[in-house]
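Chemist: Following this message is one structure expressed as structure tokens.
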Amino acid sequence: MDSVLATGDYCREIETYLCKKNDGHLIRVVGPSFDLVAAWAERGVPLKIAFAGIDRYFDRYYSRGPRRRPVKIDFCEADVLDVFDEWRRATGLPSPHASAASSTGESGDSGADAHRRASLPKHLERVIAKLTQARAGGAVGAEFDALIDDVARELETARQAHAMRGESRIAMIARLAAIDARMMEAARTALPAGENRGIAAEADEMMASYRSTMTPDAYSRAHAAATDRLVRERLRLPSVAFE
């Protein structure tokens, strides 16, 4: 559960956010809807992750044309759990509900399976597109923008090369991991100190409910991954690594 919120407070925060997304139309989180959101809190879904899942549902809803009626929180559950699963995998947290997911026909690792099936050239294409968008947004200064340009050029060269197989593919995957680590180190360095502190505090809050159940080393790795994810979101950076 969120570090400072009881279940009722967590549900009220979700209700308030849903009201804002519904342009001020209040849809109460009560009855079965309360039970659904309370289960998110018990699973350890951070509020920021729940909000991101709600945003994802609304983005898809708006893409189908003008809204016809306010959205109930129940409609957002699949997206909230998808975003939570993505965040959990990115931070290296185990799923405490893997068996429950399988019993309901959900696959907690479906995203990971899809990623393993994704082609390396397609991955490079997506990363280049996202780097171009980040560059157009003017990240945090000329030096970091130059690094984005260098990375994009290297990836474009790799993408245009012949299909990578065997040792060349292994070498490229290792190179992508190294590029990603370099880019994230540069991103953290380029951000103002105050912003880095704010991101670290946000990661503390998101990870608080897991701290007592993890070893110090595991928590440290997960916290670092959560921090990197927040930095990526702040600067709209893709993950260059291909795993």
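We label chains A, B, ... in the order they appear in the structure tokens, count residues from 1 in each chain, and number ligands from 1 in the order shown.
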Mind checking which residues fall within 9 Å of Phe75 in chain A, counting only C-alpha atoms, ignoring those fewer than 3 positions away in the same chain, and posting them as a list in words?
Modeler: Ile54, Tyr57, Val71, Lys72, Ala78 and Asp79 of chain A
Chemist: Would you kindly return, as a list of chain:residue names, each protein, DNA or RNA residue with an atom no farther than 8 Å from any atom of range 200-210 of chain A, considering only C-alpha atoms and excluding same-chain residues fewer than 3 positions away?
Modeler: A:Met1, A:Asp2, A:Ser3, A:Gly44, A:Pro46, A:Leu47, A:Lys48, A:Asn196, A:Arg197, A:Thr213, A:Met214, A:Tyr219, A:His223, A:Ala226, A:Thr227, A:Leu230
Chemist: Compile the contact shell of range 148-152 of chain A as a PyMOL selection string: residues with an atom at most 9 Å away, counting only C-alpha atoms, same-chain residues fewer than 3 positions apart removed.
Modeler: chain A and resi 127-129+131-132+134-135+143-145+155-157+179+183
Chemist: Env of Ser239 in chain A: 12 Å cut, atoms = only C-alpha atoms, seq-sep filter 2 positions within chain, self excluded. Answer as a short mmCIF file (atom, residue, chain, number, x, y, z; two decimals) with N, CA and C atoms, in the first residue's frame.
Modeler:
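So around11.cif came out as:
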```cif
data_model
loop_
_atom_site.label_atom_id
_atom_site.label_comp_id
_atom_site.auth_asym_id
_atom_site.auth_seq_id
_atom_site.Cartn_x
_atom_site.Cartn_y
_atom_site.Cartn_z
N ALA A 90 10.22 -3.45 -14.83
CA ALA A 90 11.32 -2.49 -15.02
C ALA A 90 12.14 -2.32 -13.75
N HIS A 123 12.88 -2.64 -32.76
CA HIS A 123 13.23 -1.96 -31.51
C HIS A 123 14.06 -0.72 -31.81
N LEU A 124 15.05 -0.86 -32.67
CA LEU A 124 15.89 0.29 -33.02
C LEU A 124 15.06 1.40 -33.67
N ARG A 126 11.87 2.07 -33.19
CA ARG A 126 11.06 2.75 -32.17
C ARG A 126 11.92 3.67 -31.31
N VAL A 127 13.10 3.20 -30.93
CA VAL A 127 13.97 4.00 -30.07
C VAL A 127 14.40 5.27 -30.79
N ILE A 128 14.77 5.15 -32.06
CA ILE A 128 15.19 6.33 -32.84
C ILE A 128 14.05 7.35 -32.92
N ALA A 129 12.84 6.87 -33.16
CA ALA A 129 11.70 7.78 -33.23
C ALA A 129 11.49 8.51 -31.91
N LYS A 130 11.60 7.79 -30.80
CA LYS A 130 11.40 8.42 -29.50
C LYS A 130 12.54 9.37 -29.14
N LEU A 131 13.76 9.03 -29.54
CA LEU A 131 14.88 9.94 -29.32
C LEU A 131 14.70 11.22 -30.11
N VAL A 151 23.68 9.22 -30.18
CA VAL A 151 23.04 7.92 -29.99
C VAL A 151 22.12 7.60 -31.15
N LEU A 176 23.86 -1.90 -26.96
CA LEU A 176 22.68 -1.12 -26.61
C LEU A 176 22.56 -0.92 -25.10
N ALA A 177 22.89 -1.95 -24.34
CA ALA A 177 22.86 -1.83 -22.88
C ALA A 177 23.86 -0.79 -22.41
N ALA A 178 25.04 -0.79 -23.02
CA ALA A 178 26.07 0.18 -22.64
C ALA A 178 25.64 1.61 -23.01
N ILE A 179 25.04 1.76 -24.19
CA ILE A 179 24.55 3.08 -24.61
C ILE A 179 23.49 3.58 -23.65
N ASP A 180 22.58 2.69 -23.27
CA ASP A 180 21.50 3.08 -22.36
C ASP A 180 22.05 3.54 -21.02
N ALA A 181 23.02 2.79 -20.49
CA ALA A 181 23.63 3.16 -19.20
C ALA A 181 24.31 4.52 -19.30
N ARG A 182 25.00 4.75 -20.40
CA ARG A 182 25.68 6.04 -20.60
C ARG A 182 24.67 7.17 -20.71
N MET A 183 23.60 6.94 -21.45
CA MET A 183 22.59 7.98 -21.63
C MET A 183 21.91 8.34 -20.30
N MET A 184 21.60 7.32 -19.48
CA MET A 184 20.93 7.59 -18.22
C MET A 184 21.86 8.29 -17.23
N ALA A 225 16.29 1.48 -10.35
CA ALA A 225 15.51 1.28 -11.57
C ALA A 225 14.28 2.17 -11.59
N ASP A 228 15.45 5.66 -12.45
CA ASP A 228 15.73 5.78 -13.87
C ASP A 228 14.45 5.90 -14.68
N ARG A 229 13.43 5.14 -14.29
CA ARG A 229 12.16 5.21 -15.00
C ARG A 229 11.55 6.61 -14.90
N LEU A 230 11.66 7.21 -13.72
CA LEU A 230 11.14 8.57 -13.53
C LEU A 230 11.93 9.58 -14.36
N VAL A 231 13.25 9.38 -14.43
CA VAL A 231 14.08 10.27 -15.25
C VAL A 231 13.67 10.13 -16.72
N ARG A 232 13.46 8.90 -17.16
CA ARG A 232 13.03 8.69 -18.55
C ARG A 232 11.71 9.42 -18.82
N GLU A 233 10.77 9.28 -17.87
CA GLU A 233 9.48 9.95 -18.05
C GLU A 233 9.65 11.47 -18.11
N LEU A 235 12.20 13.20 -19.08
CA LEU A 235 12.87 13.67 -20.30
C LEU A 235 12.33 12.98 -21.56
N ARG A 236 11.33 12.13 -21.39
CA ARG A 236 10.71 11.40 -22.50
C ARG A 236 11.72 10.57 -23.25
N LEU A 237 12.56 9.88 -22.51
CA LEU A 237 13.61 9.06 -23.10
C LEU A 237 13.17 7.61 -23.18
N ALA A 241 18.22 -0.15 -24.24
CA ALA A 241 18.58 -1.56 -24.04
C ALA A 241 17.51 -2.47 -24.61
N PHE A 242 17.95 -3.61 -25.12
CA PHE A 242 17.06 -4.63 -25.68
C PHE A 242 17.29 -5.91 -24.90
N GLU A 243 16.28 -6.33 -24.15
CA GLU A 243 16.47 -7.50 -23.28
C GLU A 243 15.51 -8.61 -23.65
#
```
Chemist: Please indicate the distance in Å from CA of Asp23 in chain A to CA of Phe58 in chain A, rounded to one decimal place.
Modeler: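 CA of Asp23 in chain A sits 11.6 Å away from CA of Phe58 in chain A.
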Chemist: Write out as a list in words the residues lying within 12 Å of Asp35 in chain A, counting only C-alpha atoms and excluding same-chain residues fewer than 2 positions away.
Modeler: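 Near neighbours after the sequence-gap exclusion: Thr7, Gly8, Tyr10, Cys11, Val29, Val30, Gly31, Pro32, Ser33, Val37, Ala38, Ala39, Trp40, Ala41, Glu42, Ile73, Asp74 and Glu77 of chain A.
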Chemist: For Ile173 in chain A, which residue out of A:Arg153, A:Arg56, A:Leu147, A:Val240 is the nearest one, using only C-alpha atoms?
Modeler: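 Going through A:Arg153, A:Arg56, A:Leu147, A:Val240 one by one, the smallest distance to Ile173 in chain A is for A:Val240.
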Chemist: Please return, as number ranges by chain, all residues of range 44-235 of chain A that DSSP assigns to helix (DSSP H, G or I) on the basis of the backbone.
Modeler: A: 47-63, 73-91, 98-103, 110-117, 120-136, 142-160, 166-190, 193-211, 216-235
Chemist: Would you save the residues from that selection as a short mmCIF file (atom, residue, chain, number, x, y, z; two decimals), in the first residue's frame, using C-alpha atoms?
Modeler:
```cif
data_model
loop_
_atom_site.label_atom_id
_atom_site.label_comp_id
_atom_site.auth_asym_id
_atom_site.auth_seq_id
_atom_site.Cartn_x
_atom_site.Cartn_y
_atom_site.Cartn_z
CA LEU A 47 -0.71 6.10 -7.00
CA LYS A 48 1.45 7.50 -9.79
CA ILE A 49 1.29 4.15 -11.58
CA ALA A 50 -2.50 3.96 -11.12
CA PHE A 51 -2.82 7.48 -12.53
CA ALA A 52 -0.70 6.47 -15.53
CA GLY A 53 -2.98 3.51 -16.18
CA ILE A 54 -6.04 5.74 -16.00
CA ASP A 55 -4.35 8.14 -18.42
CA ARG A 56 -3.68 5.25 -20.80
CA TYR A 57 -7.35 4.27 -20.83
CA PHE A 58 -8.48 7.85 -21.43
CA ASP A 59 -5.96 8.28 -24.26
CA ARG A 60 -7.40 5.24 -26.00
CA TYR A 61 -10.97 6.36 -25.26
CA TYR A 62 -10.36 9.82 -26.75
CA SER A 63 -8.72 8.28 -29.82
CA ILE A 73 -12.87 3.42 -12.70
CA ASP A 74 -13.74 -0.21 -13.46
CA PHE A 75 -13.05 0.40 -17.15
CA CYS A 76 -9.48 1.44 -16.32
CA GLU A 77 -8.44 -1.66 -14.39
CA ALA A 78 -6.76 -3.55 -17.23
CA ASP A 79 -4.65 -0.52 -18.12
CA VAL A 80 -3.74 0.17 -14.49
CA LEU A 81 -2.58 -3.42 -14.01
CA ASP A 82 -0.70 -3.36 -17.34
CA VAL A 83 1.20 -0.21 -16.34
CA PHE A 84 1.86 -1.68 -12.89
CA ASP A 85 3.21 -4.87 -14.47
CA GLU A 86 5.48 -2.85 -16.77
CA TRP A 87 6.75 -0.83 -13.81
CA ARG A 88 7.22 -3.96 -11.70
CA ARG A 89 9.29 -5.66 -14.41
CA ALA A 90 11.32 -2.49 -15.02
CA THR A 91 12.22 -2.25 -11.34
CA ALA A 98 1.30 -14.45 -10.47
CA SER A 99 -0.87 -17.42 -9.54
CA ALA A 100 -3.96 -15.22 -9.25
CA ALA A 101 -3.28 -13.75 -12.67
CA SER A 102 -2.99 -17.16 -14.27
CA SER A 103 -6.23 -18.33 -12.65
CA SER A 110 2.71 -11.28 -21.46
CA GLY A 111 4.51 -7.98 -22.00
CA ALA A 112 7.87 -9.63 -21.42
CA ASP A 113 6.98 -12.44 -23.87
CA ALA A 114 5.95 -9.89 -26.49
CA HIS A 115 9.24 -8.06 -25.94
CA ARG A 116 11.24 -11.25 -26.45
CA ARG A 117 9.39 -11.80 -29.72
CA LEU A 120 15.84 -5.94 -32.96
CA PRO A 121 15.44 -3.73 -36.07
CA LYS A 122 11.90 -2.78 -34.97
CA HIS A 123 13.23 -1.96 -31.51
CA LEU A 124 15.89 0.29 -33.02
CA GLU A 125 13.27 2.00 -35.18
CA ARG A 126 11.06 2.75 -32.17
CA VAL A 127 13.97 4.00 -30.07
CA ILE A 128 15.19 6.33 -32.84
CA ALA A 129 11.70 7.78 -33.23
CA LYS A 130 11.40 8.42 -29.50
CA LEU A 131 14.88 9.94 -29.32
CA THR A 132 13.92 12.28 -32.14
CA GLN A 133 10.83 13.34 -30.19
CA ALA A 134 12.89 13.87 -27.03
CA ARG A 135 15.43 15.92 -28.98
CA ALA A 136 12.69 18.08 -30.50
CA ALA A 142 23.00 21.48 -25.52
CA GLU A 143 25.45 18.88 -24.19
CA PHE A 144 22.75 16.31 -23.51
CA ASP A 145 20.99 17.11 -26.80
CA ALA A 146 24.30 16.41 -28.56
CA LEU A 147 24.48 13.03 -26.82
CA ILE A 148 20.97 12.20 -28.04
CA ASP A 149 22.05 13.10 -31.58
CA ASP A 150 25.11 10.82 -31.29
CA VAL A 151 23.04 7.92 -29.99
CA ALA A 152 20.38 8.35 -32.67
CA ARG A 153 22.99 8.41 -35.43
CA GLU A 154 24.67 5.24 -34.11
CA LEU A 155 21.37 3.42 -33.87
CA GLU A 156 20.30 4.54 -37.33
CA THR A 157 23.57 3.17 -38.75
CA ALA A 158 22.95 -0.13 -36.96
CA ARG A 159 19.36 -0.27 -38.16
CA GLN A 160 20.38 0.14 -41.80
CA GLY A 166 24.56 -14.85 -33.93
CA GLU A 167 27.57 -13.06 -32.47
CA SER A 168 26.84 -9.77 -34.20
CA ARG A 169 23.37 -9.72 -32.63
CA ILE A 170 24.78 -10.54 -29.19
CA ALA A 171 27.37 -7.78 -29.58
CA MET A 172 24.70 -5.26 -30.63
CA ILE A 173 22.50 -6.11 -27.64
CA ALA A 174 25.48 -5.60 -25.32
CA ARG A 175 26.26 -2.31 -27.05
CA LEU A 176 22.68 -1.12 -26.61
CA ALA A 177 22.86 -1.83 -22.88
CA ALA A 178 26.07 0.18 -22.64
CA ILE A 179 24.55 3.08 -24.61
CA ASP A 180 21.50 3.08 -22.36
CA ALA A 181 23.63 3.16 -19.20
CA ARG A 182 25.68 6.04 -20.60
CA MET A 183 22.59 7.98 -21.63
CA MET A 184 20.93 7.59 -18.22
CA GLU A 185 24.08 8.63 -16.36
CA ALA A 186 24.29 11.73 -18.55
CA ALA A 187 20.59 12.44 -18.01
CA ARG A 188 20.93 12.32 -14.22
CA THR A 189 24.01 14.55 -14.39
CA ALA A 190 22.31 17.06 -16.67
CA ALA A 193 20.19 18.97 -8.34
CA GLY A 194 16.78 19.98 -7.02
CA GLU A 195 15.01 18.01 -9.72
CA ASN A 196 17.14 14.95 -9.00
CA ARG A 197 16.24 15.20 -5.32
CA GLY A 198 12.57 15.45 -6.20
CA ILE A 199 12.80 12.37 -8.41
CA ALA A 200 14.60 10.44 -5.67
CA ALA A 201 11.88 11.42 -3.18
CA GLU A 202 9.20 10.30 -5.62
CA ALA A 203 10.96 6.96 -6.05
CA ASP A 204 11.15 6.64 -2.24
CA GLU A 205 7.39 7.09 -2.03
CA MET A 206 6.65 4.63 -4.82
CA MET A 207 8.93 1.97 -3.34
CA ALA A 208 8.09 2.48 0.34
CA SER A 209 5.61 -0.37 0.61
CA TYR A 210 8.21 -2.82 -0.71
CA ARG A 211 11.14 -1.84 1.47
CA PRO A 216 18.92 -4.02 1.13
CA ASP A 217 20.71 -4.94 -2.11
CA ALA A 218 17.47 -5.88 -3.91
CA TYR A 219 15.77 -2.71 -2.68
CA SER A 220 18.72 -0.58 -3.80
CA ARG A 221 18.59 -2.07 -7.31
CA ALA A 222 14.83 -1.67 -7.53
CA HIS A 223 15.00 1.91 -6.25
CA ALA A 224 17.67 2.78 -8.82
CA ALA A 225 15.51 1.28 -11.57
CA ALA A 226 12.46 3.21 -10.34
CA THR A 227 14.53 6.41 -10.33
CA ASP A 228 15.73 5.78 -13.87
CA ARG A 229 12.16 5.21 -15.00
CA LEU A 230 11.14 8.57 -13.53
CA VAL A 231 14.08 10.27 -15.25
CA ARG A 232 13.03 8.69 -18.55
CA GLU A 233 9.48 9.95 -18.05
CA ARG A 234 10.70 13.43 -17.17
CA LEU A 235 12.87 13.67 -20.30
#
```
